[in-house]
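Since the structure comes first, as structure tokens, the remarks are kept for the end.
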Amino acid sequence: MTASLLSGSPFRILSWNLLRWDGASLEDVLTVIRSEDPDVVLMQEAQEPVDVLPEILGGYYDRIPLPGRPHGTACWSRLPFTRPPSFCHLPRGLVVKRTAQIIDFGSFSLANVHLSHGQILNRRQLRSLTTSMHRRAVIMGDFNLVGPVMLPGFHDVGPKEKTHRMLDRLPLRLDRCLVRGVNRLEARALPRFGSDHRPISVTLRLSP
């Protein structure tokens with residue numbers, strides 16, 4: 001499958017903040033996967049129940065809890081990992097120690113992120129990621145960011161719809177997808193259910 005990506009075949013990545021124990025259930029995640037048929041699913045605030053995804057769907061899986069927390073980032077994929085996913089420590093905020101999940105697919109690297117709420121800090125966290133990624137790279141997840149990303153070399157190709165309602169009132173576009181050396185074919189936000197975030201789906205193709 002990785003070789004086909006090098007030949008320019010499209011692939012779809014879905015990202016969803018599950019909202020820990022109060023949010024999307026395992027059945028909700030399975031419903032979205034079966035409906036959207038993604039190649040890769042990135043999850044934030046994921047907990048132990050989603051660890052059974054490879055038993056149900058096959059494929060490849062990894063989950064990395066945040067330091068001292070039961071939840072964290074998780075990735076399920078039909079595409080094989082070139083090596084076991086790793087985590088990258090991000091510049092930390094006042095409360096939560098943040099990490100990013102780094103997945104190497106050989107032809108490109110993918111970072112699954114749940115960034116801090118501080119607008120200066122989360123941009124610093126993004127910049128700290130780029131040195132550990134391939135020339136072809138995708139950064140996707142819950143950015144907790146308002147306004148432009150301003151990350152040199154990367155393009156914001158995610159859906160433009162609002163994906164979250166802060167305090168269930170103020171609509172914000174927090175879930176993003178940045179790419180370098182990768183072309184976007186389609187991007188959309190899915191209907192909201194289960195979680196306080198809408199899943200986002202992006203179809204991509206590697207640049208020559």
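Residues in the structure tokens are named by chain (A, B, ... in the order shown) and by number from 1 within that chain; ligands are numbered from 1 in the order shown.
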Extract the full set of helix (DSSP H, G or I) residues from chain A according to DSSP on the backbone, and format it as a PyMOL selection string.
chain A and resi 2-6+20-22+26-36+48-57+119-132
Could you turn the residues from that selection into a file that holds C-alpha atoms, as a tab-separated table (two decimals), in the first residue's frame?
chain	number	residue	atom	x	y	z
A	2	THR	CA	2.86	2.39	0.76
A	3	ALA	CA	4.28	1.83	-2.73
A	4	SER	CA	0.93	2.82	-4.27
A	5	LEU	CA	1.09	6.11	-2.35
A	6	LEU	CA	4.38	6.86	-4.05
A	20	ARG	CA	-12.49	11.47	26.70
A	21	TRP	CA	-15.07	9.52	28.73
A	22	ASP	CA	-17.94	11.96	28.09
A	26	LEU	CA	-16.29	2.94	20.40
A	27	GLU	CA	-19.51	2.37	18.41
A	28	ASP	CA	-19.49	6.03	17.32
A	29	VAL	CA	-15.91	5.65	16.07
A	30	LEU	CA	-16.79	2.46	14.20
A	31	THR	CA	-19.83	4.15	12.64
A	32	VAL	CA	-17.69	6.97	11.26
A	33	ILE	CA	-15.01	4.59	9.97
A	34	ARG	CA	-17.53	2.35	8.23
A	35	SER	CA	-19.32	5.35	6.74
A	36	GLU	CA	-16.26	7.29	5.54
A	48	GLU	CA	-8.63	2.40	26.38
A	49	PRO	CA	-11.96	1.34	24.76
A	50	VAL	CA	-10.67	2.20	21.26
A	51	ASP	CA	-7.70	-0.16	21.72
A	52	VAL	CA	-9.88	-2.96	20.28
A	53	LEU	CA	-10.10	-1.32	16.84
A	54	PRO	CA	-7.47	-3.62	15.24
A	55	GLU	CA	-9.27	-6.67	16.62
A	56	ILE	CA	-12.47	-5.53	14.91
A	57	LEU	CA	-11.11	-3.93	11.74
A	119	GLN	CA	-2.23	30.94	20.90
A	120	ILE	CA	1.49	31.71	21.03
A	121	LEU	CA	2.33	28.40	22.67
A	122	ASN	CA	0.48	26.20	20.20
A	123	ARG	CA	2.28	27.87	17.29
A	124	ARG	CA	5.59	27.17	19.06
A	125	GLN	CA	4.52	23.54	19.47
A	126	LEU	CA	3.87	23.27	15.73
A	127	ARG	CA	7.27	24.71	14.86
A	128	SER	CA	8.98	22.23	17.19
A	129	LEU	CA	7.45	19.32	15.24
A	130	THR	CA	8.74	20.11	11.78
A	131	THR	CA	12.38	19.09	12.25
A	132	SER	CA	11.42	15.48	13.06
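Excluding Asp196 of chain A and any residue on its chain fewer than 6 positions from it, the residues at most 10 Å away by only C-alpha atoms are Trp16, Asn17, Leu18, Leu19, Asp22, Gly23, Ala24, Thr163, His164, Arg165, Met166, Leu167 and Asp168 of chain A.
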Limited to N, CA, C and O atoms, could you put the picked residues into a file as a PDB file, in the first residue's frame?
ATOM      1  N   TRP A  16     -10.455  13.098  14.717  1.00  0.00           N
ATOM      2  CA  TRP A  16     -11.607  13.366  15.601  1.00  0.00           C
ATOM      3  C   TRP A  16     -11.135  13.434  17.046  1.00  0.00           C
ATOM      4  O   TRP A  16     -10.481  12.517  17.545  1.00  0.00           O
ATOM      5  N   ASN A  17     -11.476  14.529  17.721  1.00  0.00           N
ATOM      6  CA  ASN A  17     -11.297  14.633  19.165  1.00  0.00           C
ATOM      7  C   ASN A  17     -12.506  13.965  19.816  1.00  0.00           C
ATOM      8  O   ASN A  17     -13.635  14.444  19.696  1.00  0.00           O
ATOM      9  N   LEU A  18     -12.268  12.866  20.548  1.00  0.00           N
ATOM     10  CA  LEU A  18     -13.363  12.034  21.046  1.00  0.00           C
ATOM     11  C   LEU A  18     -13.979  12.530  22.349  1.00  0.00           C
ATOM     12  O   LEU A  18     -15.005  12.018  22.777  1.00  0.00           O
ATOM     13  N   LEU A  19     -13.366  13.502  22.996  1.00  0.00           N
ATOM     14  CA  LEU A  19     -13.860  14.066  24.262  1.00  0.00           C
ATOM     15  C   LEU A  19     -13.834  13.035  25.394  1.00  0.00           C
ATOM     16  O   LEU A  19     -14.801  12.835  26.113  1.00  0.00           O
ATOM     17  N   ASP A  22     -16.615  11.377  28.293  1.00  0.00           N
ATOM     18  CA  ASP A  22     -17.939  11.963  28.095  1.00  0.00           C
ATOM     19  C   ASP A  22     -18.350  12.030  26.627  1.00  0.00           C
ATOM     20  O   ASP A  22     -19.451  12.485  26.317  1.00  0.00           O
ATOM     21  N   GLY A  23     -17.478  11.608  25.732  1.00  0.00           N
ATOM     22  CA  GLY A  23     -17.698  11.871  24.322  1.00  0.00           C
ATOM     23  C   GLY A  23     -18.039  10.653  23.492  1.00  0.00           C
ATOM     24  O   GLY A  23     -18.844   9.802  23.886  1.00  0.00           O
ATOM     25  N   ALA A  24     -17.399  10.572  22.323  1.00  0.00           N
ATOM     26  CA  ALA A  24     -17.705   9.528  21.351  1.00  0.00           C
ATOM     27  C   ALA A  24     -17.339   8.151  21.895  1.00  0.00           C
ATOM     28  O   ALA A  24     -16.269   7.953  22.474  1.00  0.00           O
ATOM     29  N   THR A 163     -15.606  23.634  13.620  1.00  0.00           N
ATOM     30  CA  THR A 163     -15.619  22.232  14.054  1.00  0.00           C
ATOM     31  C   THR A 163     -15.919  22.058  15.543  1.00  0.00           C
ATOM     32  O   THR A 163     -16.025  20.930  16.019  1.00  0.00           O
ATOM     33  N   HIS A 164     -16.055  23.162  16.280  1.00  0.00           N
ATOM     34  CA  HIS A 164     -16.234  23.066  17.731  1.00  0.00           C
ATOM     35  C   HIS A 164     -17.020  24.282  18.207  1.00  0.00           C
ATOM     36  O   HIS A 164     -16.877  25.376  17.652  1.00  0.00           O
ATOM     37  N   ARG A 165     -17.843  24.085  19.235  1.00  0.00           N
ATOM     38  CA  ARG A 165     -18.528  25.209  19.868  1.00  0.00           C
ATOM     39  C   ARG A 165     -18.011  25.371  21.294  1.00  0.00           C
ATOM     40  O   ARG A 165     -18.280  24.522  22.133  1.00  0.00           O
ATOM     41  N   MET A 166     -17.259  26.426  21.536  1.00  0.00           N
ATOM     42  CA  MET A 166     -16.737  26.676  22.869  1.00  0.00           C
ATOM     43  C   MET A 166     -17.887  27.013  23.806  1.00  0.00           C
ATOM     44  O   MET A 166     -18.711  27.898  23.502  1.00  0.00           O
ATOM     45  N   LEU A 167     -17.977  26.278  24.926  1.00  0.00           N
ATOM     46  CA  LEU A 167     -19.069  26.429  25.882  1.00  0.00           C
ATOM     47  C   LEU A 167     -20.427  26.249  25.207  1.00  0.00           C
ATOM     48  O   LEU A 167     -21.438  26.777  25.654  1.00  0.00           O
ATOM     49  N   ASP A 168     -20.409  25.481  24.120  1.00  0.00           N
ATOM     50  CA  ASP A 168     -21.616  25.185  23.330  1.00  0.00           C
ATOM     51  C   ASP A 168     -22.249  26.439  22.741  1.00  0.00           C
ATOM     52  O   ASP A 168     -23.442  26.454  22.411  1.00  0.00           O
TER      53      ASP A 168
END
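Proximity of A:Leu90, A:Val40, A:Leu204, A:Ala189 to Ala74 of chain A, computed with only C-alpha atoms, is greatest for A:Val40.
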Nearest to Ala187 of chain A, restricted to only C-alpha atoms and choosing among A:Gly72, A:Ile13, A:Gly158, A:Pro171, comes out as A:Gly158
Quick one: everything within 9 Å of Arg173 of chain A, counting only C-alpha atoms, minus sequence neighbours fewer than 2 positions away in the same chain. Send it as a PDB file with C-alpha atoms, in the first residue's frame.
ATOM      1  CA  PHE A 143      -4.941  22.581  17.129  1.00  0.00           C
ATOM      2  CA  ASN A 144      -6.880  24.672  19.697  1.00  0.00           C
ATOM      3  CA  LEU A 145      -5.851  27.521  17.442  1.00  0.00           C
ATOM      4  CA  VAL A 146      -7.767  30.582  16.300  1.00  0.00           C
ATOM      5  CA  GLY A 147      -6.677  32.427  13.178  1.00  0.00           C
ATOM      6  CA  PRO A 159     -12.096  22.099   5.865  1.00  0.00           C
ATOM      7  CA  LYS A 160     -13.069  25.715   6.455  1.00  0.00           C
ATOM      8  CA  GLU A 161     -16.187  24.917   8.482  1.00  0.00           C
ATOM      9  CA  LYS A 162     -16.299  25.510  12.231  1.00  0.00           C
ATOM     10  CA  THR A 163     -15.619  22.232  14.054  1.00  0.00           C
ATOM     11  CA  HIS A 164     -16.234  23.066  17.731  1.00  0.00           C
ATOM     12  CA  ARG A 165     -18.528  25.209  19.868  1.00  0.00           C
ATOM     13  CA  PRO A 171     -18.233  28.308  16.912  1.00  0.00           C
ATOM     14  CA  ASP A 175      -9.474  20.995  13.938  1.00  0.00           C
ATOM     15  CA  ARG A 176      -6.925  21.525  11.175  1.00  0.00           C
TER      16      ARG A 176
END
Using only C-alpha atoms, determine which residues lie at most 10 Å from Ser86 of chain A, disregarding the query and same-chain residues fewer than 6 positions distant; provide the list as a PDB file with C-alpha atoms, in the first residue's frame.
ATOM      1  CA  ASP A  62      -1.105   2.725  18.361  1.00  0.00           C
ATOM      2  CA  ARG A  63      -2.217   4.893  21.295  1.00  0.00           C
ATOM      3  CA  ILE A  64      -0.028   7.211  23.361  1.00  0.00           C
ATOM      4  CA  THR A  99       3.069  15.220  23.184  1.00  0.00           C
ATOM      5  CA  ALA A 100       2.499  14.615  19.481  1.00  0.00           C
ATOM      6  CA  GLN A 101       2.171  11.143  17.986  1.00  0.00           C
ATOM      7  CA  ILE A 102       4.536  10.730  15.022  1.00  0.00           C
ATOM      8  CA  ILE A 103       3.700   8.036  12.450  1.00  0.00           C
ATOM      9  CA  ASP A 104       6.176   7.142   9.691  1.00  0.00           C
ATOM     10  CA  ALA A 111       1.837  14.001  13.226  1.00  0.00           C
TER      11      ALA A 111
END
Find the spatial neighbours of Arg98 of chain A, counting only C-alpha atoms, within a cut-off of 8 Å - ignore same-chain residues fewer than 6 positions away - and output them as a count of residues only.
9
Residues flagged strand (DSSP E or B) by DSSP in segment 78-142 of chain A, as an NGL selection string:
:A and (86-89 or 99-104 or 109-114 or 137-142)
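With only C-alpha atoms as the atoms that count, the minimum distance from Pro84 of chain A to the choices A:Pro148, A:Gln44, A:Tyr61, A:Pro199 is reached by A:Tyr61.
The shortest atom-to-atom distance to Leu110 of chain A, with only C-alpha atoms taken into account, belongs to A:Cys177 out of A:Pro70, A:Lys97, A:Tyr60, A:Cys177.
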In terms of only C-alpha atoms, the residue from A:Thr203, A:Arg69, A:Arg180, A:Ser107 at minimal distance from Phe81 of chain A is A:Ser107
